[in-house]
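Participant: Here's a structure for you.
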Amino acid sequence: MERQTIAKFVFLLVITFGVLTVMLFNYFGSDDQEKDVEEMFQDTEPERKDNKEVDEAYIEELDKQMEQTVEEEREAPQEEAEEVELEERDMDTLFQKTYGEDVLKKAKTMAEEVATLWVQEDFTIDNWKALVTPKYLKSIKKKKPSGDDVQREIKELSVAPAEEISNNEMVLGVFVSWDVIANDEKVNEQMDMMYVTVKQHEDEWLVSHVDATGASMEGGGQ
């Protein structure tokens with residue numbers, strides 16, 4: 001009987017100890033959990049702040065890149081023009097070595113005169129005789145003006161070396177733009193890129209061919 005009483009007493013002690021343990025854990029553990037939750041939010045706040053700072057830095061970097069891109073686009077046309085000018089100088093130097101400075105200068109002059117006559121549709125034979133080879137003069141004789149009652153006033157004309165064919169033949173590029181005039185008024189703007197072949201014929205240099213597309217680009221009239 002005493003043994004049963006002792007066993008019951010021990011069992012009650014175990015149960016009581018277990019209940020007290022659970023109660024103490026719940027009491028102190030809940031505070032720790034609340035502290036953990038608070039610390040969790042406290043820890044995330046700096047992260048949010050850091051993310052905001054990162055976003056602002058990223059946006060600032062994007063703005064800088066956009067400004068740099070805009071600046072590069074502004075500088076691009078100027079750089080391209082400088083590159084073209086440099087290439088033309090190099091081609092001039094190359095052509096001068098191949099044909100001589102005097103020959104190149106004369107060829108450019110003839111190309112300008114031929115381009116002017118072509119744009120103005122002046123196919124008068126006497127104006128072409130001293131500029132072109134006898135063979136090409138026959139082609140000029142077959143050409144007829146368009147017949148429209150307009151004048152063509154050249155605004156811009158520039159000549160640059162284009163291709164070396166041989167030691168006695170070259171191709172020059174001629175850019176020309178002009179205004180179309182009718183009844184004393186400008187009605188149109190046109191431009192063309194022509195290629196003029198100049199070759200040595202007997203003892204002189206003459207134009208042997210003109211490759212022109214006509215008005216390759218048109219602008220609105222005034």
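Residues in the structure tokens are numbered from 1 in each chain, the chains being A, B, ... in the order shown, and ligands are numbered from 1 in the order shown.
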For A:Leu172, list every protein, DNA or RNA residue within 8 Å, evaluated using only C-alpha atoms, and leave out those in the same chain fewer than 3 positions away; present the list as a list in words.

Facilitator: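 After dropping sequence-adjacent residues, the list is Lys108, Ala111, Val159, Ala160, Pro161, Ala162, Glu163, Tyr195, Val196, Thr197 and Val198 of chain A.
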
Participant: If we count only C-alpha atoms, what is near A:His201 at a cut-off of 12 Å, once residues fewer than 6 positions away on the same chain are taken out, given as a list of chain:residue names?

Facilitator: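 The contact residues come out as A:Ala130, A:Leu131, A:Val132, A:Thr133, A:Pro134, A:Lys135, A:Tyr136, A:Asn168, A:Glu169, A:Val207, A:Ser208.
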
Participant: Write out the residues from the selection above, keeping N, CA and C atoms, as an mmCIF file, in the first residue's frame.

Facilitator:
```
data_model
loop_
_atom_site.group_PDB
_atom_site.id
_atom_site.type_symbol
_atom_site.label_atom_id
_atom_site.label_comp_id
_atom_site.auth_asym_id
_atom_site.auth_seq_id
_atom_site.Cartn_x
_atom_site.Cartn_y
_atom_site.Cartn_z
ATOM 1 N N ALA A 130 36.376 69.462 -126.142
ATOM 2 C CA ALA A 130 37.685 69.541 -125.481
ATOM 3 C C ALA A 130 37.737 68.765 -124.167
ATOM 4 N N LEU A 131 36.610 68.160 -123.789
ATOM 5 C CA LEU A 131 36.545 67.500 -122.484
ATOM 6 C C LEU A 131 36.493 65.980 -122.554
ATOM 7 N N VAL A 132 35.963 65.438 -123.657
ATOM 8 C CA VAL A 132 35.719 63.999 -123.720
ATOM 9 C C VAL A 132 36.461 63.361 -124.886
ATOM 10 N N THR A 133 36.583 62.049 -124.807
ATOM 11 C CA THR A 133 37.223 61.311 -125.891
ATOM 12 C C THR A 133 36.314 61.305 -127.121
ATOM 13 N N PRO A 134 36.878 61.125 -128.318
ATOM 14 C CA PRO A 134 36.064 61.077 -129.537
ATOM 15 C C PRO A 134 34.964 60.018 -129.456
ATOM 16 N N LYS A 135 35.261 58.886 -128.857
ATOM 17 C CA LYS A 135 34.273 57.824 -128.755
ATOM 18 C C LYS A 135 33.104 58.254 -127.873
ATOM 19 N N TYR A 136 33.412 58.881 -126.756
ATOM 20 C CA TYR A 136 32.315 59.291 -125.860
ATOM 21 C C TYR A 136 31.555 60.488 -126.424
ATOM 22 N N ASN A 168 46.680 54.698 -116.321
ATOM 23 C CA ASN A 168 46.230 55.717 -117.271
ATOM 24 C C ASN A 168 44.708 55.883 -117.282
ATOM 25 N N GLU A 169 44.068 55.458 -116.176
ATOM 26 C CA GLU A 169 42.616 55.606 -116.104
ATOM 27 C C GLU A 169 42.183 55.688 -114.638
ATOM 28 N N VAL A 207 37.694 62.823 -120.476
ATOM 29 C CA VAL A 207 36.596 62.068 -119.882
ATOM 30 C C VAL A 207 36.127 61.016 -120.883
ATOM 31 N N SER A 208 36.025 59.767 -120.410
ATOM 32 C CA SER A 208 35.617 58.686 -121.304
ATOM 33 C C SER A 208 34.231 58.131 -120.952
#
```

Participant: Once you count only C-alpha atoms, what closest atom pair and distance in Å to one decimal does each residue of stretch 127-167 of chain A within 8 Å of stretch 176-179 of chain A have, with rows by chain and rising residue number, as CSV?

Facilitator:
```
residue,atom,partner,partner_atom,distance
A:Arg152,CA,A:Asp179,CA,5.6
A:Glu153,CA,A:Asp179,CA,5.2
A:Ile154,CA,A:Trp178,CA,4.1
A:Lys155,CA,A:Trp178,CA,4.9
A:Glu156,CA,A:Ser177,CA,5.2
A:Leu157,CA,A:Val176,CA,4.4
A:Ser158,CA,A:Val176,CA,6.6
```

Participant: Mind listing the strand (DSSP E) residues of stretch 40-203 of chain A, per DSSP on the backbone, as number ranges by chain?

Facilitator: A: 151-166, 169-182, 185-201

Participant: May I have the residues from that selection written out with C-alpha atoms, as a tab-separated table (two decimals), in the first residue's frame?

Facilitator:
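The result, stored in out_35.tsv:
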```
chain	number	residue	atom	x	y	z
A	151	GLN	CA	16.70	76.28	-115.30
A	152	ARG	CA	19.06	74.38	-113.04
A	153	GLU	CA	21.30	76.44	-110.81
A	154	ILE	CA	24.10	74.51	-109.15
A	155	LYS	CA	24.36	75.07	-105.41
A	156	GLU	CA	27.19	72.71	-104.47
A	157	LEU	CA	29.72	70.69	-106.43
A	158	SER	CA	32.62	68.68	-105.04
A	159	VAL	CA	35.00	66.20	-106.62
A	160	ALA	CA	36.93	63.42	-104.89
A	161	PRO	CA	38.99	60.43	-106.07
A	162	ALA	CA	36.92	57.24	-106.17
A	163	GLU	CA	38.82	54.41	-107.87
A	164	GLU	CA	42.13	53.64	-109.52
A	165	ILE	CA	41.55	51.53	-112.61
A	166	SER	CA	45.06	51.59	-114.06
A	169	GLU	CA	42.62	55.61	-116.10
A	170	MET	CA	40.79	56.80	-112.98
A	171	VAL	CA	37.28	57.33	-111.62
A	172	LEU	CA	36.29	60.49	-109.78
A	173	GLY	CA	33.18	60.91	-107.67
A	174	VAL	CA	31.24	64.14	-108.15
A	175	PHE	CA	28.59	65.22	-105.68
A	176	VAL	CA	26.36	67.94	-107.07
A	177	SER	CA	23.19	69.64	-105.84
A	178	TRP	CA	21.09	72.23	-107.63
A	179	ASP	CA	17.91	74.28	-107.52
A	180	VAL	CA	15.26	73.89	-110.19
A	181	ILE	CA	13.99	77.30	-111.28
A	182	ALA	CA	10.75	77.92	-113.18
A	185	GLU	CA	10.97	80.84	-108.77
A	186	LYS	CA	12.60	77.88	-107.09
A	187	VAL	CA	10.28	74.91	-107.45
A	188	ASN	CA	12.52	72.02	-106.44
A	189	GLU	CA	15.86	70.90	-105.08
A	190	GLN	CA	17.81	67.99	-106.52
A	191	MET	CA	21.11	66.26	-105.98
A	192	ASP	CA	23.12	63.48	-107.51
A	193	MET	CA	26.30	61.46	-107.06
A	194	MET	CA	28.02	61.12	-110.41
A	195	TYR	CA	31.04	59.02	-111.36
A	196	VAL	CA	33.28	60.41	-114.06
A	197	THR	CA	35.88	58.22	-115.71
A	198	VAL	CA	38.98	60.03	-116.93
A	199	LYS	CA	41.60	58.28	-119.04
A	200	GLN	CA	44.70	59.07	-120.99
A	201	HIS	CA	43.90	59.42	-124.69
```
